[in-house]
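*Asks:* Provided herewith: target_23.pdb, PDB, C-alpha atoms.
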```
ATOM      1  CA  MET A   1      27.660   3.328 -45.674
ATOM      2  CA  ALA A   2      28.588   5.988 -43.125
ATOM      3  CA  ILE A   3      25.724   7.416 -41.111
ATOM      4  CA  THR A   4      26.238  10.960 -39.890
ATOM      5  CA  SER A   5      24.286  12.741 -37.206
ATOM      6  CA  GLY A   6      22.347  15.881 -37.955
ATOM      7  CA  ILE A   7      19.146  17.006 -39.551
ATOM      8  CA  SER A   8      18.480  16.711 -43.257
ATOM      9  CA  PRO A   9      15.340  16.820 -45.381
ATOM     10  CA  CYS A  10      13.914  13.489 -46.491
ATOM     11  CA  LEU A  11      11.801  13.612 -49.631
ATOM     12  CA  TRP A  12       9.198  11.039 -50.694
ATOM     13  CA  PHE A  13       9.146  10.336 -54.419
ATOM     14  CA  ASP A  14       6.716   7.986 -56.150
ATOM     15  CA  ASP A  15       9.379   6.129 -58.120
ATOM     16  CA  ASP A  16      11.759   8.731 -59.549
ATOM     17  CA  LEU A  17      14.273   9.465 -56.784
ATOM     18  CA  GLU A  18      17.254   8.639 -58.998
ATOM     19  CA  ALA A  19      16.008  10.895 -61.825
ATOM     20  CA  ALA A  20      15.325  13.691 -59.323
ATOM     21  CA  ALA A  21      18.786  13.354 -57.779
ATOM     22  CA  ARG A  22      20.397  13.543 -61.228
ATOM     23  CA  PHE A  23      18.236  16.569 -62.138
ATOM     24  CA  TYR A  24      19.042  18.521 -58.972
ATOM     25  CA  THR A  25      22.757  17.686 -58.881
ATOM     26  CA  GLY A  26      22.992  18.893 -62.473
ATOM     27  CA  ILE A  27      21.684  22.307 -61.425
ATOM     28  CA  PHE A  28      23.396  23.134 -58.129
ATOM     29  CA  PRO A  29      27.144  23.614 -57.627
ATOM     30  CA  ASN A  30      29.002  21.486 -55.055
ATOM     31  CA  SER A  31      26.513  18.666 -55.583
ATOM     32  CA  SER A  32      26.731  14.907 -55.850
ATOM     33  CA  ILE A  33      24.724  11.730 -55.616
ATOM     34  CA  GLY A  34      25.672   9.645 -52.616
ATOM     35  CA  HIS A  35      24.682   6.109 -51.826
ATOM     36  CA  LEU A  36      21.627   4.663 -53.572
ATOM     37  CA  THR A  37      20.064   1.585 -51.989
ATOM     38  CA  ARG A  38      18.382  -0.713 -54.458
ATOM     39  CA  TYR A  39      15.669  -3.288 -53.891
ATOM     40  CA  HIS A  40      16.753  -6.892 -53.948
ATOM     41  CA  GLY A  41      14.947 -10.211 -53.790
ATOM     42  CA  ALA A  42      13.452  -9.481 -50.360
ATOM     43  CA  GLY A  43      11.206  -6.807 -51.951
ATOM     44  CA  PRO A  44       8.916  -5.045 -51.712
ATOM     45  CA  GLY A  45      10.049  -3.282 -54.903
ATOM     46  CA  GLU A  46      11.362  -4.643 -58.160
ATOM     47  CA  PRO A  47      14.963  -5.886 -57.752
ATOM     48  CA  GLY A  48      17.472  -3.318 -59.020
ATOM     49  CA  ARG A  49      15.152  -0.323 -58.666
ATOM     50  CA  VAL A  50      16.168   2.449 -56.284
ATOM     51  CA  MET A  51      14.542   2.211 -52.860
ATOM     52  CA  ALA A  52      16.278   5.101 -51.051
ATOM     53  CA  GLY A  53      19.352   7.263 -51.241
ATOM     54  CA  GLU A  54      21.194  10.462 -50.522
ATOM     55  CA  PHE A  55      22.224  13.411 -52.625
ATOM     56  CA  THR A  56      23.966  16.651 -51.777
ATOM     57  CA  LEU A  57      22.963  20.028 -53.208
ATOM     58  CA  ASP A  58      25.412  22.854 -52.685
ATOM     59  CA  GLY A  59      26.685  21.206 -49.530
ATOM     60  CA  ILE A  60      23.282  20.260 -48.033
ATOM     61  CA  THR A  61      22.494  16.544 -47.770
ATOM     62  CA  PHE A  62      19.036  15.326 -48.736
ATOM     63  CA  ARG A  63      17.664  11.867 -48.233
ATOM     64  CA  GLY A  64      15.027  10.428 -50.488
ATOM     65  CA  ILE A  65      12.841   7.369 -50.722
ATOM     66  CA  ASN A  66      10.805   5.874 -53.523
ATOM     67  CA  GLY A  67       7.690   5.281 -51.474
ATOM     68  CA  GLY A  68       5.306   4.803 -54.364
ATOM     69  CA  PRO A  69       2.101   6.700 -54.992
ATOM     70  CA  ALA A  70       0.597   7.908 -51.761
ATOM     71  CA  PRO A  71      -2.319  10.045 -50.698
ATOM     72  CA  PHE A  72       0.225  12.698 -49.745
ATOM     73  CA  GLY A  73       2.859  14.375 -51.834
ATOM     74  CA  PHE A  74       4.794  17.582 -52.079
ATOM     75  CA  THR A  75       2.828  20.754 -51.321
ATOM     76  CA  GLU A  76       3.733  24.409 -50.989
ATOM     77  CA  ALA A  77       3.631  23.916 -47.221
ATOM     78  CA  ILE A  78       7.272  22.822 -47.580
ATOM     79  CA  SER A  79       9.522  24.631 -50.029
ATOM     80  CA  PHE A  80      13.196  25.284 -50.528
ATOM     81  CA  SER A  81      14.327  28.883 -50.828
ATOM     82  CA  ILE A  82      17.333  29.937 -52.887
ATOM     83  CA  THR A  83      18.720  33.385 -52.124
ATOM     84  CA  CYS A  84      20.351  34.680 -55.297
ATOM     85  CA  ARG A  85      23.100  37.303 -55.603
ATOM     86  CA  ASP A  86      21.735  38.894 -58.774
ATOM     87  CA  GLN A  87      19.305  38.602 -61.669
ATOM     88  CA  THR A  88      21.609  36.259 -63.570
ATOM     89  CA  GLU A  89      21.443  33.774 -60.699
ATOM     90  CA  VAL A  90      17.658  34.221 -60.375
ATOM     91  CA  ASP A  91      17.251  33.501 -64.084
ATOM     92  CA  TYR A  92      19.554  30.465 -63.957
ATOM     93  CA  TYR A  93      17.727  28.756 -61.091
ATOM     94  CA  TRP A  94      14.282  29.780 -62.328
ATOM     95  CA  ASP A  95      14.864  28.437 -65.830
ATOM     96  CA  ALA A  96      16.505  25.219 -64.619
ATOM     97  CA  LEU A  97      13.961  24.342 -61.941
ATOM     98  CA  ALA A  98      10.868  25.461 -63.858
ATOM     99  CA  ASP A  99      11.834  23.276 -66.851
ATOM    100  CA  GLY A 100       9.046  20.710 -66.983
ATOM    101  CA  GLY A 101       7.464  22.220 -63.884
ATOM    102  CA  GLU A 102       4.963  24.947 -63.134
ATOM    103  CA  GLU A 103       5.553  28.642 -62.468
ATOM    104  CA  SER A 104       3.636  30.258 -59.659
ATOM    105  CA  VAL A 105       3.706  33.788 -58.221
ATOM    106  CA  CYS A 106       6.082  35.889 -56.119
ATOM    107  CA  GLY A 107       9.169  33.898 -57.067
ATOM    108  CA  TRP A 108       7.628  30.467 -56.381
ATOM    109  CA  LEU A 109       7.597  27.484 -58.718
ATOM    110  CA  LYS A 110       7.090  23.726 -58.658
ATOM    111  CA  ASP A 111       9.701  21.638 -60.418
ATOM    112  CA  ARG A 112       8.949  18.606 -62.602
ATOM    113  CA  PHE A 113       8.798  16.404 -59.488
ATOM    114  CA  GLY A 114       6.272  18.679 -57.752
ATOM    115  CA  LEU A 115       8.727  20.122 -55.224
ATOM    116  CA  SER A 116       8.207  23.827 -54.448
ATOM    117  CA  TRP A 117      11.032  26.357 -54.664
ATOM    118  CA  GLN A 118      11.321  30.056 -53.895
ATOM    119  CA  ILE A 119      13.853  31.808 -56.131
ATOM    120  CA  VAL A 120      14.582  35.061 -54.334
ATOM    121  CA  PRO A 121      17.116  37.786 -55.130
ATOM    122  CA  ALA A 122      18.823  39.184 -52.023
ATOM    123  CA  ARG A 123      17.885  42.620 -53.329
ATOM    124  CA  LEU A 124      14.197  41.827 -52.746
ATOM    125  CA  TYR A 125      14.791  41.522 -48.996
ATOM    126  CA  GLU A 126      16.593  44.870 -49.003
ATOM    127  CA  LEU A 127      13.864  46.674 -50.943
ATOM    128  CA  VAL A 128      10.843  45.323 -49.034
ATOM    129  CA  SER A 129      12.645  46.242 -45.797
ATOM    130  CA  ASP A 130      13.639  49.732 -46.960
ATOM    131  CA  PRO A 131      13.454  52.265 -44.106
ATOM    132  CA  ASP A 132      11.330  54.469 -46.378
ATOM    133  CA  PRO A 133       7.848  52.927 -46.112
ATOM    134  CA  ALA A 134       6.829  54.215 -49.570
ATOM    135  CA  ARG A 135       9.784  52.427 -51.198
ATOM    136  CA  ALA A 136       9.168  49.230 -49.225
ATOM    137  CA  GLU A 137       5.466  49.238 -50.124
ATOM    138  CA  ALA A 138       6.135  49.911 -53.811
ATOM    139  CA  ALA A 139       8.678  47.087 -54.009
ATOM    140  CA  THR A 140       6.275  44.727 -52.251
ATOM    141  CA  ARG A 141       3.435  45.623 -54.617
ATOM    142  CA  ALA A 142       5.718  45.056 -57.612
ATOM    143  CA  MET A 143       6.808  41.656 -56.253
ATOM    144  CA  LEU A 144       3.200  40.598 -55.708
ATOM    145  CA  GLY A 145       2.529  41.085 -59.433
ATOM    146  CA  MET A 146       5.459  38.952 -60.592
ATOM    147  CA  ARG A 147       6.044  35.298 -61.262
ATOM    148  CA  ARG A 148       9.849  35.340 -61.628
ATOM    149  CA  ILE A 149      11.278  38.149 -59.502
ATOM    150  CA  VAL A 150      12.893  40.825 -61.668
ATOM    151  CA  VAL A 151      15.279  43.023 -59.696
ATOM    152  CA  ALA A 152      15.233  45.950 -62.152
ATOM    153  CA  GLU A 153      11.428  46.135 -61.925
ATOM    154  CA  LEU A 154      11.535  46.079 -58.123
ATOM    155  CA  GLU A 155      14.108  48.884 -58.091
ATOM    156  CA  ALA A 156      12.136  50.925 -60.630
ATOM    157  CA  ALA A 157       8.975  50.612 -58.548
ATOM    158  CA  ALA A 158      10.800  51.626 -55.369
ATOM    159  CA  ASP A 159      12.492  54.565 -57.114
ATOM    160  CA  ALA A 160       9.189  55.757 -58.620
ATOM    161  CA  ALA A 161       7.635  55.840 -55.149
ATOM    162  CA  THR A 162      10.073  58.515 -54.043
ATOM    163  CA  ALA A 163      10.484  60.425 -57.297
ATOM    164  CA  GLY A 164       8.832  63.667 -57.732
TER     165      GLY A 164
END
```
Could you take the file, read its structure, and then write that structure out as structure tokens?

*Replies:*
Amino acid sequence: MAITSGISPCLWFDDDLEAAARFYTGIFPNSSIGHLTRYHGAGPGEPGRVMAGEFTLDGITFRGINGGPAPFGFTEAISFSITCRDQTEVDYYWDALADGGEESVCGWLKDRFGLSWQIVPARLYELVSDPDPARAEAATRAMLGMRRIVVAELEAAADAATAG
């Protein structure tokens, strides 16, 4: 196994690292499952079960461990943000990651493993930073009322703020 230097996220799963890696690599392009280390007779886990491993999502390497149930788990304090080119991409990632998970507000969701994601269209950043404060405020208010971010609704809100 080659060890490379650098920083990468390491995620603690109860006992479903392999399932999570397969789920995520099935969603993101340029993704693969790397080395999976399995328990053997030395324990502490059941021989053959995954202990730790690596997977790559769209070119970013993640490490994971099956640490078992713990008093700590994934929270919204750590999330992964996906900047999307358009509504089609927003819908793709939202639908894929929310499957079996839980939708939240303002483009946030938790996937079936409890990991938090922000699915954000690039257009949102443009609209909430519009030089016209009325447009920026209207787009922000619209976003605050959404679960999945809908670009057309953001644009309509911004346009309505300056119509008239």

*Asks:* How far is it from CA of Gly100 in chain A to CA of Asp16 in chain A, in Å with one decimal?

*Replies:*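 Computing it gives 14.4 Å between the two atoms.
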
*Asks:* Using all atoms listed in the file, which of the listed residues (A:Phe55, A:Tyr24, A:Trp94, A:Trp108) sits closest to Met146 in chain A?

*Replies:* A:Trp108

*Asks:* Around the point (4.8, 5.6, -58.3) (coordinates from the file), which residues reach within 7 Å if we count only C-alpha atoms? Answer as a PDB file with C-alpha atoms, in the frame of the given file.

*Replies:*
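In the end it all went to point-v2.pdb:
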```pdb
ATOM      1  CA  ASP A  14       6.716   7.986 -56.150  1.00  0.00           C
ATOM      2  CA  ASP A  15       9.379   6.129 -58.120  1.00  0.00           C
ATOM      3  CA  GLY A  68       5.306   4.803 -54.364  1.00  0.00           C
ATOM      4  CA  PRO A  69       2.101   6.700 -54.992  1.00  0.00           C
TER       5      PRO A  69
END
```

*Asks:* Report as a VMD selection string the residues that result from applying the PyMOL selection byres ((chain A and resi 56) around 8) to the structure here.

*Replies:* chain A and resid 25 30 to 34 54 to 55 57 to 62

*Asks:* Which residues are close to Gly53 in chain A, i.e. within 8 Å by only C-alpha atoms, leaving aside same-chain residues fewer than 4 positions away? Reply as JSON, numbers by chain.

*Replies:* {"A": [17, 34, 35, 36, 37, 63, 64, 65]}

*Asks:* Missing atoms in range 128-151 of chain A should be modelled up to N, CA and C atoms and reported as a compact mmCIF listing (two decimals), in the frame of the given file.

*Replies:*
```
# COMPACT_ATOMS: atom_id res chain seq x y z
N VAL A 128 12.10 45.41 -49.80
CA VAL A 128 10.84 45.32 -49.03
C VAL A 128 11.05 45.67 -47.56
N SER A 129 12.32 45.81 -47.16
CA SER A 129 12.64 46.24 -45.80
C SER A 129 13.22 47.65 -45.77
N ASP A 130 13.08 48.38 -46.87
CA ASP A 130 13.64 49.73 -46.96
C ASP A 130 13.10 50.58 -45.82
N PRO A 131 13.93 51.41 -45.19
CA PRO A 131 13.45 52.26 -44.11
C PRO A 131 12.39 53.27 -44.56
N ASP A 132 12.36 53.58 -45.84
CA ASP A 132 11.33 54.47 -46.38
C ASP A 132 10.10 53.61 -46.68
N PRO A 133 9.02 53.78 -45.93
CA PRO A 133 7.85 52.93 -46.11
C PRO A 133 7.27 52.97 -47.52
N ALA A 134 7.37 54.11 -48.20
CA ALA A 134 6.83 54.22 -49.57
C ALA A 134 7.62 53.31 -50.52
N ARG A 135 8.94 53.29 -50.36
CA ARG A 135 9.78 52.43 -51.20
C ARG A 135 9.50 50.95 -50.90
N ALA A 136 9.42 50.62 -49.62
CA ALA A 136 9.17 49.23 -49.22
C ALA A 136 7.82 48.76 -49.77
N GLU A 137 6.80 49.60 -49.64
CA GLU A 137 5.47 49.24 -50.12
C GLU A 137 5.45 49.09 -51.64
N ALA A 138 6.10 49.99 -52.35
CA ALA A 138 6.14 49.91 -53.81
C ALA A 138 6.86 48.65 -54.28
N ALA A 139 7.95 48.31 -53.64
CA ALA A 139 8.68 47.09 -54.01
C ALA A 139 7.84 45.84 -53.72
N THR A 140 7.14 45.86 -52.59
CA THR A 140 6.28 44.73 -52.25
C THR A 140 5.15 44.57 -53.26
N ARG A 141 4.51 45.68 -53.61
CA ARG A 141 3.44 45.62 -54.62
C ARG A 141 3.96 45.09 -55.95
N ALA A 142 5.13 45.53 -56.36
CA ALA A 142 5.72 45.06 -57.61
C ALA A 142 5.97 43.55 -57.54
N MET A 143 6.53 43.09 -56.43
CA MET A 143 6.81 41.66 -56.25
C MET A 143 5.53 40.83 -56.32
N LEU A 144 4.46 41.34 -55.73
CA LEU A 144 3.20 40.60 -55.71
C LEU A 144 2.61 40.40 -57.11
N GLY A 145 3.03 41.22 -58.07
CA GLY A 145 2.53 41.08 -59.43
C GLY A 145 3.44 40.26 -60.33
N MET A 146 4.48 39.70 -59.78
CA MET A 146 5.46 38.95 -60.59
C MET A 146 5.32 37.45 -60.41
N ARG A 147 5.79 36.74 -61.40
CA ARG A 147 6.04 35.30 -61.26
C ARG A 147 7.52 35.19 -60.88
N ARG A 148 8.41 35.27 -61.88
CA ARG A 148 9.85 35.34 -61.63
C ARG A 148 10.14 36.74 -61.10
N ILE A 149 10.93 36.85 -60.06
CA ILE A 149 11.28 38.15 -59.50
C ILE A 149 12.31 38.82 -60.41
N VAL A 150 12.01 40.06 -60.80
CA VAL A 150 12.89 40.83 -61.67
C VAL A 150 13.40 42.03 -60.88
N VAL A 151 14.68 42.00 -60.56
CA VAL A 151 15.28 43.02 -59.70
C VAL A 151 15.10 44.43 -60.26
```
